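Visitor: Take a look at the following structure, please.
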Amino acid sequence: MKILVLNSGSSSVKFQVFEDDISFVSGLIEQIGEENSAISIILRDEKVVDKQIEIKSHFDGLQIAANYLLELGVVKDLNEFDGIGHRVVHGGEYFNKAMLVTDDVIEKIESLQPLAPLHNPAHLDGIRVTKKLNPLVPNVVVFDTAFHQSIPAHAYMYALPYKFYEEDGVRKYGFHGTSHHFVAKVAARMLQKDINSLNAITLHLGNGGSVTAIENGKSIDTSMGLTPLEGLIMGTRSGDLDPAILFYLSRKKGYDINELDKILNKQSGLKGICGANDMREIHSMAESGDKKAQLALDMFYYRIKKYIGSYSAILGRVDCIVFTGGIGENDDIARLESCHNLENLGIKLNVEENALRKKVAREISSDDSLVKVFVIPTNEELEIALQTQEVVKNSR
Ligand code: ADP
C-alpha cells in the first residue's frame, strides 16, 4: 500500500511516503507564511529539492509538494495514495486508536483545541488541504495520546476537585504514545513474546522526554500529564515540581501566568540549570569542568531513575526497559548513569555493548540481567503509516 504521512505544525509540515513499511521519500515544508519559507525533499537518500520559495499557507505548501511528487514520479496521480495518515497530538478521551477521518472526528479534534492550542488547529489545516488535493484518498488520524487511553483512573486522575475533570477535562493524557507503542512492539518481537504479554518500561528521551509503564502490551501509566510539561527533566521543560513554586514566584516576583508558562516550558529543564539544552553540548561543558552542566546531567539521570523505580513497583514484573529518542538512542552515558546501581531491580547493563554506536535495535543488558535493556530507534512516521494501512484495510 502507498501511504502519505503528514505531520502538520503551525508553520511547518513534514511529509513522508511509504510503500508498505518502506519510506522512500521524505520532505519538509517550513516557515509557512514567513519570508524565508522553503521546501526540501529527499528521494532515496538523495536531496532532490532544496528551495526557498514563497509559501503563504498550508494549502500552498502541500500543493507545491504534491507537484514535486508528481514531477519526481513518486505518484502519477494524487489520488493514487491508498491512505493519508495525519499525526494528531491530542485525541483527548475520544480516541483510543487511529480513526478514519469523518465530520464527527473533525468536530471532536476541533473541540480539543483548548488542550492543544498550537497543534490541533495545524493538524486540521493539513486534513482540510489533503481533502481538497486528494479528494478520493481516505484520511486517517493517529493520535499521540491514543496509546495512553488504557491508563486506569487511579493513575490518570489528579487529586483536585472532581469537577475540574468533569467540566474541564483535567487529567493525565500522556504523549509520545505512537513512539512508546512502536518500540514496545519491536521489544516484544526481540523477546519473542506476544505484545499482549509484554511488561515494559519505555523511555523516550529527546528534547521532550517521557517514560511509560506498559503492562500486557498496554500503557498503564506515563510521565507526561495534561500537557507535555510533567515528568522527566527535559531540554527546556522542568518536568515534575511542587506546584506551590508557581504561587511563590508569582507573589514574590509578580510573574503572571503567561510568564510562568514560558519559564516552565522554555527556560527550565537542562537549559534552566546550565544554559544549554543539547546533551552533546552539556556533556562537553561538564567534561571541561562546568559544575552546573554536571548538576543538570545528575538531575536528569536521577529523575529517570526515580521513574524506573516507581514503574518497576507498579508493574511487578518487568521484561525489558527500552531507550529511544535522540538521547535514548545515542547517549550511552545517559543510559549507563540512568541504570547505575539498579541491580536490586534486576537491571544490569553490559557496559561494552552499551558504549557501542549502532543504528539498529539491540540489547545492551548483561547476560545475567533479569530485566533486558534495549536500545530501539523509534520511527513514529512508520508507526503512523502502519496504523493508517490497518484502518484503511479495515474500512474497505
Ligand atoms: P525531539 O524531541 O525534538 O524529536 P530528538 O529525539 O531528536 O528530539 O532528540 C534530541 C536530543 O537528542 C538532543 O538533546 C540531542 O542533544 C540529543 N542527541 C542527539 N544525538 C546525540 C548524541 N550523539 N549524543 C548525545 N545526545 C544526542
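Following the order of the C-alpha cells, first chain is A, next is B, and so on, with residues numbered from 1 inside each chain and ligands from 1 in the order they appear.
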Got a sec: who's within 10 Å of A:Arg280, counting only C-alpha atoms, leaving out chain neighbours fewer than 5 positions off, as a ChimeraX atom specification?
Guide: /A:285,327,330-331
Visitor: How would you write, as a list of chain:residue names, the set of residues no farther than 9 Å from ligand 1 when counting only C-alpha atoms and all ligand atoms?
Guide: A:His204, A:Leu205, A:Gly206, A:Asn207, A:Gly208, A:Gly209, A:Met234, A:Gly235, A:Asn277, A:Asp278, A:Met279, A:Arg280, A:Glu281, A:Ile282, A:His283, A:Thr324, A:Gly325, A:Gly326, A:Ile327, A:Gly328, A:Glu329, A:Asn330, A:Asp331, A:Asp332, A:Ile333, A:Ala334, A:Arg357, A:Thr378
Visitor: List every residue of stretch 113-298 of chain A that DSSP, applied to the backbone of this structure, assigns to strand (DSSP E or B), and report them as a tab-separated table (two decimals) with N, CA, C and O atoms, in the first residue's frame.
Guide:
chain	number	residue	atom	x	y	z
A	139	ASN	N	-8.50	9.69	4.62
A	139	ASN	CA	-7.60	10.30	5.61
A	139	ASN	C	-7.77	9.58	6.94
A	139	ASN	O	-8.89	9.25	7.34
A	140	VAL	N	-6.64	9.36	7.61
A	140	VAL	CA	-6.66	8.67	8.89
A	140	VAL	C	-5.93	9.54	9.91
A	140	VAL	O	-4.91	10.17	9.57
A	141	VAL	N	-6.46	9.61	11.13
A	141	VAL	CA	-5.76	10.38	12.17
A	141	VAL	C	-5.17	9.43	13.20
A	141	VAL	O	-5.82	8.47	13.63
A	142	VAL	N	-3.90	9.69	13.55
A	142	VAL	CA	-3.18	8.85	14.51
A	142	VAL	C	-2.76	9.77	15.66
A	142	VAL	O	-2.06	10.76	15.44
A	143	PHE	N	-3.24	9.46	16.85
A	143	PHE	CA	-3.10	10.38	17.99
A	143	PHE	C	-1.91	10.03	18.89
A	143	PHE	O	-1.70	8.86	19.22
A	200	ALA	N	6.79	-3.71	30.14
A	200	ALA	CA	7.99	-2.95	29.78
A	200	ALA	C	7.96	-1.54	30.35
A	200	ALA	O	6.89	-1.01	30.65
A	201	ILE	N	9.14	-0.98	30.49
A	201	ILE	CA	9.26	0.45	30.79
A	201	ILE	C	9.94	1.06	29.57
A	201	ILE	O	11.08	0.68	29.25
A	202	THR	N	9.24	1.95	28.87
A	202	THR	CA	9.83	2.55	27.67
A	202	THR	C	10.18	4.01	27.97
A	202	THR	O	9.37	4.76	28.50
A	203	LEU	N	11.40	4.36	27.62
A	203	LEU	CA	11.91	5.71	27.87
A	203	LEU	C	12.14	6.41	26.55
A	203	LEU	O	13.05	6.04	25.80
A	204	HIS	N	11.30	7.39	26.24
A	204	HIS	CA	11.51	8.19	25.03
A	204	HIS	C	12.23	9.47	25.48
A	204	HIS	O	11.62	10.33	26.13
A	205	LEU	N	13.51	9.56	25.16
A	205	LEU	CA	14.30	10.71	25.63
A	205	LEU	C	14.79	11.52	24.44
A	205	LEU	O	15.75	11.15	23.76
A	209	GLY	N	10.78	14.50	26.82
A	209	GLY	CA	11.02	13.11	27.22
A	209	GLY	C	9.87	12.57	28.03
A	209	GLY	O	9.20	13.31	28.76
A	210	SER	N	9.60	11.27	27.87
A	210	SER	CA	8.58	10.65	28.72
A	210	SER	C	8.88	9.18	28.94
A	210	SER	O	9.57	8.55	28.14
A	211	VAL	N	8.37	8.66	30.04
A	211	VAL	CA	8.51	7.25	30.38
A	211	VAL	C	7.12	6.65	30.44
A	211	VAL	O	6.19	7.30	30.94
A	212	THR	N	6.99	5.41	29.96
A	212	THR	CA	5.69	4.74	30.04
A	212	THR	C	5.85	3.37	30.69
A	212	THR	O	6.81	2.66	30.41
A	213	ALA	N	4.88	3.04	31.55
A	213	ALA	CA	4.81	1.69	32.12
A	213	ALA	C	3.81	0.92	31.28
A	213	ALA	O	2.66	1.35	31.14
A	214	ILE	N	4.27	-0.19	30.71
A	214	ILE	CA	3.41	-0.98	29.82
A	214	ILE	C	3.17	-2.36	30.45
A	214	ILE	O	4.12	-3.07	30.76
A	215	GLU	N	1.90	-2.68	30.65
A	215	GLU	CA	1.54	-3.98	31.23
A	215	GLU	C	0.70	-4.74	30.22
A	215	GLU	O	-0.31	-4.22	29.73
A	218	LYS	N	-0.17	-2.84	27.18
A	218	LYS	CA	-0.98	-1.61	27.27
A	218	LYS	C	-0.33	-0.60	28.23
A	218	LYS	O	0.20	-1.00	29.26
A	219	SER	N	-0.46	0.68	27.88
A	219	SER	CA	0.07	1.72	28.76
A	219	SER	C	-0.77	1.77	30.03
A	219	SER	O	-1.99	1.87	29.97
A	220	ILE	N	-0.11	1.67	31.19
A	220	ILE	CA	-0.87	1.80	32.45
A	220	ILE	C	-0.45	3.04	33.23
A	220	ILE	O	-1.06	3.39	34.23
A	221	ASP	N	0.62	3.69	32.79
A	221	ASP	CA	0.97	4.99	33.36
A	221	ASP	C	2.05	5.62	32.48
A	221	ASP	O	2.78	4.91	31.78
A	222	THR	N	2.11	6.91	32.50
A	222	THR	CA	3.14	7.61	31.72
A	222	THR	C	3.47	8.92	32.42
A	222	THR	O	2.66	9.44	33.19
Visitor: With only C-alpha atoms as the counted atoms, please give the residues lying no more than 9 Å from A:Gly177, apart from itself and same-chain residues fewer than 3 positions off, as a compact mmCIF listing (two decimals) with N, CA and C atoms, in the first residue's frame.
Guide:
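What landed in out_35.txt:
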# COMPACT_ATOMS: atom_id res chain seq x y z
N PHE A 143 -3.24 9.46 16.85
CA PHE A 143 -3.10 10.38 17.99
C PHE A 143 -1.91 10.03 18.89
N ASP A 144 -1.19 11.07 19.35
CA ASP A 144 -0.09 10.86 20.31
C ASP A 144 -0.61 10.35 21.65
N THR A 145 -1.89 10.68 21.93
CA THR A 145 -2.46 10.34 23.24
C THR A 145 -3.14 8.96 23.25
N ALA A 146 -3.44 8.42 22.05
CA ALA A 146 -4.32 7.24 21.98
C ALA A 146 -3.79 6.05 22.78
N PHE A 147 -2.49 5.77 22.67
CA PHE A 147 -1.91 4.60 23.33
C PHE A 147 -2.11 4.67 24.85
N HIS A 148 -2.20 5.88 25.39
CA HIS A 148 -2.29 6.04 26.85
C HIS A 148 -3.73 6.02 27.36
N GLY A 174 -1.01 12.04 28.63
CA GLY A 174 0.21 11.40 28.16
C GLY A 174 0.45 11.71 26.69
N HIS A 180 6.09 5.20 22.02
CA HIS A 180 6.11 4.15 23.05
C HIS A 180 5.51 2.85 22.51
N HIS A 181 4.42 2.98 21.76
CA HIS A 181 3.76 1.80 21.20
C HIS A 181 4.68 1.10 20.19
N PHE A 182 5.30 1.92 19.33
CA PHE A 182 6.17 1.36 18.29
C PHE A 182 7.32 0.57 18.90
N THR A 212 6.99 5.41 29.96
CA THR A 212 5.69 4.74 30.04
C THR A 212 5.85 3.37 30.69
N SER A 219 -0.46 0.68 27.88
CA SER A 219 0.07 1.72 28.76
C SER A 219 -0.77 1.77 30.03
Visitor: Give me, as a list in words, all polymer residues having an atom no more than 7 Å from A:Ile29, counting only C-alpha atoms and skipping those fewer than 5 positions away in the same chain.
Guide: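 Surrounding residues, per the criterion: Ser12, Val13, Lys14, Ala38, Ile39, Ser40 and Gly61 of chain A.
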Visitor: Counting only C-alpha atoms, which residues in stretch 77-127 of chain A sit no more than 12 Å from stretch 48-57 of chain A? For each one, give the nearest pair of atoms and the distance in Å, sorted by chain then residue number, as JSON lines.
Guide:
{"residue": "A:Ala122", "atom": "CA", "partner": "A:Ser57", "partner_atom": "CA", "distance": 10.8}
{"residue": "A:Asp125", "atom": "CA", "partner": "A:Ser57", "partner_atom": "CA", "distance": 9.3}
{"residue": "A:Gly126", "atom": "CA", "partner": "A:Ser57", "partner_atom": "CA", "distance": 10.2}
Visitor: Could you save the residues just selected, with all heavy atoms, as a JSON list (two decimals), in the first residue's frame?
Guide:
[["chain", "number", "residue", "atom", "x", "y", "z"],
["A", 122, "ALA", "N", -3.42, 23.16, 13.59],
["A", 122, "ALA", "CA", -2.49, 22.93, 12.46],
["A", 122, "ALA", "C", -2.77, 21.58, 11.82],
["A", 122, "ALA", "O", -2.75, 21.44, 10.59],
["A", 122, "ALA", "CB", -1.06, 22.99, 12.95],
["A", 125, "ASP", "N", -5.72, 21.88, 9.63],
["A", 125, "ASP", "CA", -5.37, 22.54, 8.36],
["A", 125, "ASP", "C", -4.87, 21.49, 7.37],
["A", 125, "ASP", "O", -5.28, 21.46, 6.21],
["A", 125, "ASP", "CB", -4.23, 23.55, 8.57],
["A", 125, "ASP", "CG", -4.76, 24.89, 9.05],
["A", 125, "ASP", "OD1", -5.98, 25.10, 8.98],
["A", 125, "ASP", "OD2", -3.94, 25.71, 9.52],
["A", 126, "GLY", "N", -3.98, 20.63, 7.85],
["A", 126, "GLY", "CA", -3.42, 19.57, 6.99],
["A", 126, "GLY", "C", -4.51, 18.68, 6.43],
["A", 126, "GLY", "O", -4.52, 18.36, 5.23]]
